[in-house]
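Trainee: Okay, so here is data_13.cif, and as you'll see once you scroll down, it has mmCIF, C-alpha atoms.
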data_query
loop_
_atom_site.group_PDB
_atom_site.id
_atom_site.type_symbol
_atom_site.label_atom_id
_atom_site.label_comp_id
_atom_site.auth_asym_id
_atom_site.auth_seq_id
_atom_site.Cartn_x
_atom_site.Cartn_y
_atom_site.Cartn_z
ATOM 1 C CA MET M 1 33.487 11.065 -7.032
ATOM 2 C CA ALA M 2 32.098 12.744 -4.003
ATOM 3 C CA GLU M 3 28.648 13.310 -5.443
ATOM 4 C CA GLN M 4 28.223 9.761 -6.676
ATOM 5 C CA ASP M 5 29.462 8.321 -3.416
ATOM 6 C CA ASP M 6 27.002 10.509 -1.598
ATOM 7 C CA PHE M 7 24.134 9.411 -3.859
ATOM 8 C CA VAL M 8 25.005 5.777 -3.308
ATOM 9 C CA ALA M 9 25.321 6.253 0.420
ATOM 10 C CA GLN M 10 22.017 8.076 0.711
ATOM 11 C CA ALA M 11 19.780 6.647 -1.982
ATOM 12 C CA MET M 12 20.685 3.005 -2.566
ATOM 13 C CA GLN M 13 19.189 1.852 0.698
ATOM 14 C CA PHE M 14 15.781 2.612 -0.815
ATOM 15 C CA ALA M 15 16.317 0.338 -3.813
ATOM 16 C CA PRO M 16 14.529 -2.712 -2.328
ATOM 17 C CA GLN M 17 11.395 -0.782 -1.455
ATOM 18 C CA LEU M 18 11.477 1.026 -4.790
ATOM 19 C CA TYR M 19 11.573 -2.399 -6.401
ATOM 20 C CA SER M 20 8.593 -3.470 -4.354
ATOM 21 C CA ALA M 21 6.644 -0.414 -5.480
ATOM 22 C CA ALA M 22 7.795 -0.891 -9.073
ATOM 23 C CA TYR M 23 6.549 -4.460 -9.041
ATOM 24 C CA ARG M 24 3.148 -3.344 -7.797
ATOM 25 C CA LEU M 25 3.025 -0.862 -10.653
ATOM 26 C CA THR M 26 4.300 -2.976 -13.527
ATOM 27 C CA HIS M 27 3.125 -6.436 -12.423
ATOM 28 C CA ASN M 28 6.238 -8.190 -13.717
ATOM 29 C CA GLN M 29 9.851 -8.567 -12.679
ATOM 30 C CA ALA M 30 11.538 -7.488 -15.906
ATOM 31 C CA ASP M 31 9.677 -4.181 -16.127
ATOM 32 C CA ALA M 32 10.030 -3.604 -12.398
ATOM 33 C CA GLU M 33 13.798 -3.999 -12.644
ATOM 34 C CA ASP M 34 13.950 -1.638 -15.610
ATOM 35 C CA LEU M 35 11.801 0.875 -13.783
ATOM 36 C CA VAL M 36 14.008 0.849 -10.697
ATOM 37 C CA GLN M 37 17.147 1.123 -12.781
ATOM 38 C CA GLU M 38 15.737 4.044 -14.746
ATOM 39 C CA THR M 39 14.421 5.721 -11.611
ATOM 40 C CA LEU M 40 17.773 5.543 -9.853
ATOM 41 C CA LEU M 41 19.575 6.809 -12.941
ATOM 42 C CA ARG M 42 17.243 9.786 -13.192
ATOM 43 C CA ALA M 43 17.630 10.389 -9.486
ATOM 44 C CA TYR M 44 21.378 10.268 -9.805
ATOM 45 C CA ARG M 45 21.372 12.728 -12.688
ATOM 46 C CA GLY M 46 19.053 15.039 -10.822
ATOM 47 C CA TYR M 47 20.748 14.648 -7.468
ATOM 48 C CA GLY M 48 22.360 18.044 -7.804
ATOM 49 C CA ASN M 49 18.866 19.528 -7.627
ATOM 50 C CA PHE M 50 17.907 17.603 -4.543
ATOM 51 C CA GLU M 51 18.053 19.702 -1.421
ATOM 52 C CA ALA M 52 20.055 17.787 1.155
ATOM 53 C CA GLY M 53 18.193 17.158 4.378
ATOM 54 C CA THR M 54 14.766 17.189 2.757
ATOM 55 C CA ASN M 55 12.649 14.093 2.204
ATOM 56 C CA LEU M 56 14.822 11.896 -0.011
ATOM 57 C CA ARG M 57 12.551 8.897 0.200
ATOM 58 C CA ALA M 58 9.513 10.857 -1.048
ATOM 59 C CA TRP M 59 11.666 12.469 -3.747
ATOM 60 C CA LEU M 60 12.740 9.065 -5.051
ATOM 61 C CA TYR M 61 9.170 7.767 -5.070
ATOM 62 C CA ARG M 62 8.069 10.823 -7.004
ATOM 63 C CA ILE M 63 10.679 10.069 -9.650
ATOM 64 C CA LEU M 64 9.545 6.434 -9.696
ATOM 65 C CA ASN M 65 5.922 7.435 -10.177
ATOM 66 C CA ASN M 66 6.725 9.926 -12.944
ATOM 67 C CA THR M 67 9.014 7.474 -14.703
ATOM 68 C CA PHE M 68 6.292 4.873 -14.531
ATOM 69 C CA ILE M 69 3.705 7.232 -15.995
ATOM 70 C CA ASN M 70 5.996 8.380 -18.784
ATOM 71 C CA SER M 71 7.583 5.108 -19.759
ATOM 72 C CA TYR M 72 5.492 2.179 -18.657
ATOM 73 C CA ARG M 73 1.905 3.090 -18.192
ATOM 74 C CA ALA M 74 1.301 3.331 -21.919
ATOM 75 C CA LYS M 75 2.122 -0.353 -22.163
ATOM 76 C CA GLN M 76 -0.686 -1.322 -19.888
ATOM 77 C CA ARG M 77 -4.394 -1.268 -20.128
ATOM 78 C CA ARG M 78 -5.435 2.295 -19.430
ATOM 79 C CA VAL M 79 -8.143 2.195 -16.829
ATOM 80 C CA ASP M 80 -10.212 5.287 -16.474
ATOM 81 C CA GLU M 81 -10.388 6.803 -13.027
ATOM 82 C CA THR M 82 -14.166 6.531 -13.185
ATOM 83 C CA ASP M 83 -13.881 2.779 -13.719
ATOM 84 C CA LEU M 84 -13.808 2.213 -10.009
ATOM 85 C CA GLU M 85 -17.143 1.050 -8.711
ATOM 86 C CA ASP M 86 -18.234 2.923 -5.654
ATOM 87 C CA VAL M 87 -18.242 0.618 -2.677
ATOM 88 C CA GLU M 88 -20.209 1.349 0.436
ATOM 89 C CA ASP M 89 -18.339 2.069 3.636
ATOM 90 C CA LEU M 90 -17.439 -0.781 5.940
ATOM 91 C CA TYR M 91 -18.394 -3.370 3.291
ATOM 92 C CA LEU M 92 -15.924 -6.000 4.416
ATOM 93 C CA TYR M 93 -16.439 -5.278 8.082
ATOM 94 C CA ASN M 94 -20.209 -5.557 7.813
ATOM 95 C CA ASN M 95 -19.885 -8.903 6.094
ATOM 96 C CA ARG M 96 -17.232 -10.386 8.301
ATOM 97 C CA GLY M 97 -19.799 -12.491 10.122
ATOM 98 C CA ARG M 98 -20.339 -14.521 6.992
ATOM 99 C CA PHE M 99 -16.971 -16.170 7.173
ATOM 100 C CA SER M 100 -17.516 -19.763 8.103
ATOM 101 C CA GLU M 101 -16.457 -20.871 11.537
ATOM 102 C CA ALA M 102 -17.349 -24.463 10.793
ATOM 103 C CA LEU M 103 -14.065 -26.249 11.027
ATOM 104 C CA THR M 104 -11.890 -24.893 13.740
ATOM 105 C CA GLY M 105 -14.231 -22.710 15.690
ATOM 106 C CA ARG M 106 -11.817 -19.822 15.296
ATOM 107 C CA SER M 107 -13.582 -16.505 15.128
ATOM 108 C CA ALA M 108 -14.750 -15.407 11.721
ATOM 109 C CA GLU M 109 -12.320 -12.562 11.751
ATOM 110 C CA ASP M 110 -9.312 -14.655 12.683
ATOM 111 C CA ARG M 111 -10.100 -16.934 9.804
ATOM 112 C CA LEU M 112 -10.430 -14.023 7.450
ATOM 113 C CA MET M 113 -7.185 -12.441 8.570
ATOM 114 C CA GLU M 114 -5.141 -15.592 8.489
ATOM 115 C CA ARG M 115 -6.641 -17.013 5.302
ATOM 116 C CA ILE M 116 -6.039 -14.021 3.074
ATOM 117 C CA THR M 117 -2.939 -15.002 1.124
ATOM 118 C CA ASP M 118 -0.056 -12.829 -0.006
ATOM 119 C CA ASP M 119 -1.041 -13.432 -3.621
ATOM 120 C CA GLU M 120 -4.613 -12.418 -2.984
ATOM 121 C CA VAL M 121 -3.569 -9.163 -1.373
ATOM 122 C CA LYS M 122 -1.150 -8.447 -4.206
ATOM 123 C CA SER M 123 -3.765 -9.330 -6.837
ATOM 124 C CA ALA M 124 -6.385 -7.222 -5.126
ATOM 125 C CA LEU M 125 -3.970 -4.291 -5.161
ATOM 126 C CA GLU M 126 -3.123 -4.881 -8.783
ATOM 127 C CA ALA M 127 -6.807 -4.971 -9.687
ATOM 128 C CA LEU M 128 -7.127 -1.355 -8.632
ATOM 129 C CA PRO M 129 -6.681 1.305 -11.293
ATOM 130 C CA ASP M 130 -3.293 3.059 -10.947
ATOM 131 C CA THR M 131 -4.969 6.232 -9.760
ATOM 132 C CA PHE M 132 -6.230 4.453 -6.651
ATOM 133 C CA ARG M 133 -3.561 1.824 -6.241
ATOM 134 C CA MET M 134 -0.735 4.302 -5.776
ATOM 135 C CA PRO M 135 -2.206 6.222 -2.812
ATOM 136 C CA VAL M 136 -3.220 2.956 -1.119
ATOM 137 C CA TYR M 137 0.200 1.438 -1.696
ATOM 138 C CA LEU M 138 2.058 4.523 -0.501
ATOM 139 C CA ALA M 139 -0.105 4.883 2.614
ATOM 140 C CA ASP M 140 -0.680 1.307 3.670
ATOM 141 C CA ILE M 141 2.452 -0.496 2.515
ATOM 142 C CA GLU M 142 5.036 2.258 2.520
ATOM 143 C CA GLU M 143 3.516 4.287 5.381
ATOM 144 C CA PHE M 144 3.948 7.710 3.837
ATOM 145 C CA SER M 145 1.929 10.566 5.310
ATOM 146 C CA TYR M 146 -0.853 12.196 3.287
ATOM 147 C CA LYS M 147 1.406 15.198 2.792
ATOM 148 C CA GLU M 148 4.223 13.015 1.452
ATOM 149 C CA ILE M 149 1.817 11.176 -0.842
ATOM 150 C CA ALA M 150 0.571 14.503 -2.178
ATOM 151 C CA GLU M 151 4.191 15.437 -2.906
ATOM 152 C CA ILE M 152 4.999 12.122 -4.569
ATOM 153 C CA LEU M 153 1.929 12.036 -6.787
ATOM 154 C CA GLU M 154 1.841 15.801 -7.311
ATOM 155 C CA ILE M 155 -1.826 16.055 -6.345
ATOM 156 C CA PRO M 156 -3.619 18.001 -3.596
ATOM 157 C CA ILE M 157 -3.980 16.420 -0.154
ATOM 158 C CA GLY M 158 -7.765 16.376 -0.526
ATOM 159 C CA THR M 159 -7.385 14.252 -3.634
ATOM 160 C CA VAL M 160 -5.052 11.907 -1.770
ATOM 161 C CA MET M 161 -7.682 11.427 0.899
ATOM 162 C CA SER M 162 -10.547 10.753 -1.455
ATOM 163 C CA ARG M 163 -8.554 8.348 -3.646
ATOM 164 C CA LEU M 164 -7.302 6.581 -0.553
ATOM 165 C CA HIS M 165 -10.806 6.239 0.772
ATOM 166 C CA ARG M 166 -12.194 4.814 -2.469
ATOM 167 C CA GLY M 167 -9.149 2.686 -3.151
ATOM 168 C CA ARG M 168 -9.242 1.018 0.251
ATOM 169 C CA LYS M 169 -12.936 0.294 -0.025
ATOM 170 C CA ALA M 170 -12.374 -1.337 -3.397
ATOM 171 C CA LEU M 171 -9.410 -3.282 -2.047
ATOM 172 C CA TYR M 172 -11.309 -4.624 0.925
ATOM 173 C CA LYS M 173 -14.253 -5.541 -1.254
ATOM 174 C CA GLN M 174 -11.930 -7.452 -3.564
ATOM 175 C CA LEU M 175 -10.545 -9.335 -0.578
ATOM 176 C CA TYR M 176 -14.103 -10.245 0.362
ATOM 177 C CA LEU M 177 -14.696 -11.545 -3.166
ATOM 178 C CA TYR M 178 -11.566 -13.694 -2.981
ATOM 179 C CA ALA M 179 -12.759 -15.079 0.305
ATOM 180 C CA THR M 180 -16.100 -16.015 -1.239
ATOM 181 C CA GLU M 181 -14.299 -17.752 -4.111
ATOM 182 C CA HIS M 182 -12.320 -19.811 -1.685
ATOM 183 C CA GLY M 183 -15.394 -20.927 0.118
ATOM 184 C CA LEU M 184 -14.668 -18.986 3.235
ATOM 185 C CA VAL M 185 -18.141 -17.549 3.112
ATOM 186 C CA GLU M 186 -21.213 -19.644 3.862
ATOM 187 C CA SER M 187 -22.772 -20.649 0.592
ATOM 188 C CA SER M 188 -26.336 -20.510 1.834
ATOM 189 C CA ASP M 189 -26.561 -16.764 1.497
ATOM 190 C CA GLN M 190 -24.021 -15.383 -0.936
ATOM 191 C CA GLU M 191 -25.768 -12.073 -1.204
ATOM 192 C CA PRO M 192 -23.762 -9.723 1.013
ATOM 193 C CA GLU M 193 -25.443 -7.638 3.638
ATOM 194 C CA HIS M 194 -25.794 -3.987 2.908
ATOM 195 C CA ALA M 195 -25.133 -1.391 5.555
ATOM 196 C CA ASN M 196 -28.161 0.304 7.031
ATOM 197 C CA GLY M 197 -27.765 3.845 5.771
ATOM 198 C CA MET G 1 -25.858 7.350 16.818
ATOM 199 C CA ALA G 2 -24.290 10.623 15.777
ATOM 200 C CA ASP G 3 -21.157 9.997 17.833
ATOM 201 C CA CYS G 4 -20.626 6.622 16.228
ATOM 202 C CA ASP G 5 -21.190 8.052 12.767
ATOM 203 C CA ARG G 6 -18.638 10.737 13.460
ATOM 204 C CA ALA G 7 -16.095 8.329 14.861
ATOM 205 C CA LEU G 8 -16.501 5.896 11.982
ATOM 206 C CA ALA G 9 -16.244 8.714 9.451
ATOM 207 C CA ASP G 10 -12.888 9.607 10.990
ATOM 208 C CA MET G 11 -11.725 6.024 11.384
ATOM 209 C CA HIS G 12 -9.189 5.897 8.572
ATOM 210 C CA LEU G 13 -7.828 9.329 9.391
ATOM 211 C CA PHE G 14 -7.427 8.176 12.972
ATOM 212 C CA LEU G 15 -5.693 4.935 12.000
ATOM 213 C CA ASP G 16 -3.474 6.883 9.602
ATOM 214 C CA ASP G 17 -2.495 9.247 12.397
ATOM 215 C CA GLU G 18 -3.717 12.185 10.370
ATOM 216 C CA LEU G 19 -6.226 13.634 12.802
ATOM 217 C CA LEU G 20 -5.380 16.742 14.760
ATOM 218 C CA PRO G 21 -4.612 15.845 18.390
ATOM 219 C CA LEU G 22 -7.861 17.365 19.658
ATOM 220 C CA THR G 23 -10.015 15.383 17.244
ATOM 221 C CA ALA G 24 -7.991 12.231 17.850
ATOM 222 C CA GLY G 25 -8.624 12.714 21.548
ATOM 223 C CA ASP G 26 -12.370 12.932 20.914
ATOM 224 C CA VAL G 27 -12.251 9.718 18.939
ATOM 225 C CA ARG G 28 -10.293 7.958 21.643
ATOM 226 C CA GLU G 29 -12.817 9.078 24.209
ATOM 227 C CA HIS G 30 -15.643 7.671 22.113
ATOM 228 C CA LEU G 31 -13.800 4.379 21.680
ATOM 229 C CA ARG G 32 -13.392 4.074 25.428
ATOM 230 C CA ALA G 33 -17.158 4.320 25.779
ATOM 231 C CA CYS G 34 -18.257 2.383 22.715
ATOM 232 C CA PRO G 35 -17.240 -1.257 22.277
ATOM 233 C CA HIS G 36 -19.023 -1.393 18.935
ATOM 234 C CA CYS G 37 -16.839 1.282 17.383
ATOM 235 C CA LEU G 38 -13.748 -0.005 19.158
ATOM 236 C CA HIS G 39 -14.312 -3.346 17.499
ATOM 237 C CA ALA G 40 -14.662 -1.772 14.068
ATOM 238 C CA PHE G 41 -11.473 0.224 14.627
ATOM 239 C CA ASP G 42 -9.558 -2.841 15.797
ATOM 240 C CA PHE G 43 -10.734 -4.822 12.795
ATOM 241 C CA HIS G 44 -9.553 -2.174 10.359
ATOM 242 C CA ALA G 45 -6.265 -1.648 12.159
ATOM 243 C CA GLU G 46 -5.576 -5.343 11.854
ATOM 244 C CA LEU G 47 -6.738 -5.500 8.242
ATOM 245 C CA LYS G 48 -4.386 -2.647 7.411
ATOM 246 C CA ALA G 49 -1.479 -4.425 9.121
ATOM 247 C CA VAL G 50 -2.281 -7.716 7.358
ATOM 248 C CA VAL G 51 -2.403 -6.024 3.960
ATOM 249 C CA ALA G 52 0.875 -4.222 4.628
ATOM 250 C CA ARG G 53 2.603 -7.406 5.701
ATOM 251 C CA LYS G 54 1.359 -9.514 2.819
ATOM 252 C CA ALA G 55 1.970 -6.996 0.058
ATOM 253 C CA LYS G 56 5.603 -6.312 0.931
ATOM 254 C CA GLU G 57 8.187 -7.882 -1.317
ATOM 255 C CA ASP G 58 10.945 -9.322 0.803
ATOM 256 C CA THR G 59 13.951 -8.983 -1.351
ATOM 257 C CA MET G 60 15.303 -7.439 -4.502
ATOM 258 C CA PRO G 61 16.221 -9.950 -7.236
ATOM 259 C CA ASP G 62 19.919 -10.657 -7.616
ATOM 260 C CA SER G 63 19.705 -9.633 -11.260
ATOM 261 C CA LEU G 64 18.711 -6.139 -10.207
ATOM 262 C CA LYS G 65 21.416 -5.937 -7.554
ATOM 263 C CA GLN G 66 23.890 -6.845 -10.234
ATOM 264 C CA ARG G 67 22.623 -4.284 -12.715
ATOM 265 C CA LEU G 68 22.708 -1.521 -10.141
ATOM 266 C CA ALA G 69 26.160 -2.580 -9.030
ATOM 267 C CA GLU G 70 27.361 -2.249 -12.601
ATOM 268 C CA THR G 71 25.563 0.992 -13.344
ATOM 269 C CA PHE G 72 26.749 2.740 -10.214
ATOM 270 C CA SER G 73 30.069 0.968 -9.800
ATOM 271 C CA LEU G 74 28.993 -0.410 -6.473
ATOM 272 C CA ASP G 75 30.447 -3.036 -4.330
ATOM 273 C CA SER G 76 27.241 -5.047 -4.497
ATOM 274 C CA ALA G 77 28.077 -7.193 -1.506
ATOM 275 C CA LYS G 78 28.755 -4.106 0.522
ATOM 276 C CA VAL G 79 25.678 -2.148 -0.534
ATOM 277 C CA PHE G 80 23.163 -4.966 -0.936
ATOM 278 C CA GLY G 81 24.978 -7.675 0.931
ATOM 279 C CA GLN G 82 24.496 -11.366 1.355
ATOM 280 C CA LYS G 83 22.675 -10.946 4.583
ATOM 281 C CA SER G 84 21.898 -7.358 3.912
ATOM 282 C CA PRO G 85 20.380 -4.539 5.888
ATOM 283 C CA PHE G 86 18.950 -3.516 2.545
ATOM 284 C CA ASP G 87 16.800 -6.620 2.228
ATOM 285 C CA ARG G 88 13.533 -6.035 3.924
ATOM 286 C CA PRO G 89 12.948 -8.592 6.656
ATOM 287 C CA SER G 90 10.378 -11.221 5.759
ATOM 288 C CA ALA G 91 7.059 -11.279 7.491
ATOM 289 C CA PHE G 92 7.397 -14.272 9.805
#
Once you've parsed the file, please lay out its structure as structure tokens.

Mentor:
Amino acid sequence: MAEQDDFVAQAMQFAPQLYSAAYRLTHNQADAEDLVQETLLRAYRGYGNFEAGTNLRAWLYRILNNTFINSYRAKQRRVDETDLEDVEDLYLYNNRGRFSEALTGRSAEDRLMERITDDEVKSALEALPDTFRMPVYLADIEEFSYKEIAEILEIPIGTVMSRLHRGRKALYKQLYLYATEHGLVESSDQEPEHANG
Amino acid sequence: MADCDRALADMHLFLDDELLPLTAGDVREHLRACPHCLHAFDFHAELKAVVARKAKEDTMPDSLKQRLAETFSLDSAKVFGQKSPFDRPSAF
């Protein structure tokens, strides 16, 4: 069928990245697979309503996000938007000097950048409440514009910006905490520096 | 310094390419003159790239490829392939 062939030709190429996003949302493979499957089915059924030539990728992610909210989010711990601690600006950057240079003499920052593991980044992302994780994921991993993110999440651009700002701060702080756990930070003064106003 | 405060306030917008060209130009000009801010910008640009690289999943599980192939009557090898353009390249 022409329409199905067209859907496959246009939309299937996004399946791997949709899976990646689904995994970040659901935290497990089985649910992520189901979510992608369901998303693509809904997309297929609604493909007649999709205006050819417009942003297919954003359209698919919007369906993914809505499907997640409707079908999967209830399964998970509901974290209130206000549950995100406010982190000061430049927290990680201001504390980068605390990363130990003892062994190799590499700069503190090189050590930080190379020592953060894939799992730590993924865990730090997953620790964020959905409300903040989605904008960060869409901007920093999937490289959508603010306008596209607003479209996908069906929120105003201003909200995208503020959630992105808070989400990133929380993410970077979590990465700092992982680094302290792994002894990358000098143990003599664990208390992180606070920015001067 | 007010200029530094302004530049740092715009840092993420700048790195996200969301500043209007005129404002982005102002930021760039400040960075040329201010090694302190340039360093902060570089750090965050790299942090962003590191996070992006490490959080990407490389490939879709075969089980999912199979399910989609069945659901959509796909030639799985053709759409998802062995060595597929649809698998995202791994980091390094």

Trainee: Decode the PyMOL selection byres ((chain M) within 7 of (chain G)) for the given file into explicit residues and return them as number ranges by chain.

Mentor: M: 13, 16, 19-20, 33, 37, 113, 118, 121-122, 140-141

Trainee: Suppose we keep C-alpha atoms; can you now write the selection as an mmCIF file, in the coordinates of the input?

Mentor:
data_model
loop_
_atom_site.group_PDB
_atom_site.id
_atom_site.type_symbol
_atom_site.label_atom_id
_atom_site.label_comp_id
_atom_site.auth_asym_id
_atom_site.auth_seq_id
_atom_site.Cartn_x
_atom_site.Cartn_y
_atom_site.Cartn_z
ATOM 1 C CA GLN M 13 19.189 1.852 0.698
ATOM 2 C CA PRO M 16 14.529 -2.712 -2.328
ATOM 3 C CA TYR M 19 11.573 -2.399 -6.401
ATOM 4 C CA SER M 20 8.593 -3.470 -4.354
ATOM 5 C CA GLU M 33 13.798 -3.999 -12.644
ATOM 6 C CA GLN M 37 17.147 1.123 -12.781
ATOM 7 C CA MET M 113 -7.185 -12.441 8.570
ATOM 8 C CA ASP M 118 -0.056 -12.829 -0.006
ATOM 9 C CA VAL M 121 -3.569 -9.163 -1.373
ATOM 10 C CA LYS M 122 -1.150 -8.447 -4.206
ATOM 11 C CA ASP M 140 -0.680 1.307 3.670
ATOM 12 C CA ILE M 141 2.452 -0.496 2.515
#

Trainee: Which residues would end up in the selection if the PyMOL selection byres ((chain M and resi 63-74) around 10) were applied here, given that I need the answer as a PyMOL selection string?

Mentor: chain M and resi 18-19+21-22+25-26+31-32+34-40+42-43+46+58-62+75-78+130+134+152-154

Trainee: Looking at G:Leu15, G:Ala77, G:Ala7, G:Ala2, which one is nearest to Leu31 (chain G), with distances taken over all atoms listed in the file?

Mentor: G:Ala7

Trainee: Could you state the separation of CA of Arg96 (chain M) and CA of Ala127 (chain M) in Å, given to one decimal place?

Mentor: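 CA of Arg96 (chain M) sits 21.5 Å away from CA of Ala127 (chain M).
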
Trainee: In Å, with one decimal, what is the gap from CA of Gln29 (chain M) to CA of Leu138 (chain M)?

Mentor: 19.5 Å

Trainee: Kindly give the distance, in Å, that separates CA of Arg57 (chain M) and CA of Ala139 (chain M), rounded to a single decimal.

Mentor: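 Separation of CA of Arg57 (chain M) and CA of Ala139 (chain M): 13.5 Å.
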
Trainee: Which residue gives the smallest distance to Met161 (chain M) among M:Pro129, M:Ala11, M:Tyr146, M:Gln17, with only C-alpha atoms counted?

Mentor: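 Once distances to Met161 (chain M) are computed over only C-alpha atoms, the minimum belongs to M:Tyr146.
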
Trainee: Smallest atom-to-atom distance to Asp26 (chain G): which of G:Leu38, G:Ala45, G:Arg6, G:Gln66, using all atoms listed in the file?

Mentor: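 With all atoms listed in the file as the atom set, the closest residue is G:Arg6.
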
Trainee: List the residues selected by the PyMOL selection byres ((chain M and resi 171-174) around 10) in the file shown, writing them as a PyMOL selection string.

Mentor: (chain M and resi 87-93+95+120-128+132-133+136+166-170+175-180) or (chain G and resi 44+47-48+51)

Trainee: Here is a test: counting all atoms listed in the file, which residue of M:Gly53, M:Phe14, M:Tyr137, M:Thr131 is nearest to Ile155 (chain M)?

Mentor: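 Smallest distance to Ile155 (chain M) is found for M:Thr131.
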
Trainee: Quick one: of M:Tyr47, M:Ala52, M:His182, M:Tyr23, who's nearest to Thr117 (chain M), counting only C-alpha atoms?

Mentor: M:His182

Trainee: Asp5 (chain G): which residues within 12 Å, counting all atoms listed in the file, same-chain residues fewer than 6 positions away excluded, as a list in words?

Mentor: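 Result of the neighbour search: Asp89, Leu90, Asn196 and Gly197 of chain M; Met11, Val27, His30, Cys34, His36, Cys37 and Ala40 of chain G.
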
Trainee: Just need the box for region 52-66 of chain G, edges along x, y and z, holding every atom the file lists for it with 6 Å tacked onto each side, so centre and edge lengths in Å to one decimal, as lines of an AutoDock Vina configuration file.

Mentor:
center_x = 12.4
center_y = -7.4
center_z = -2.8
size_x = 35.0
size_y = 18.4
size_z = 29.0
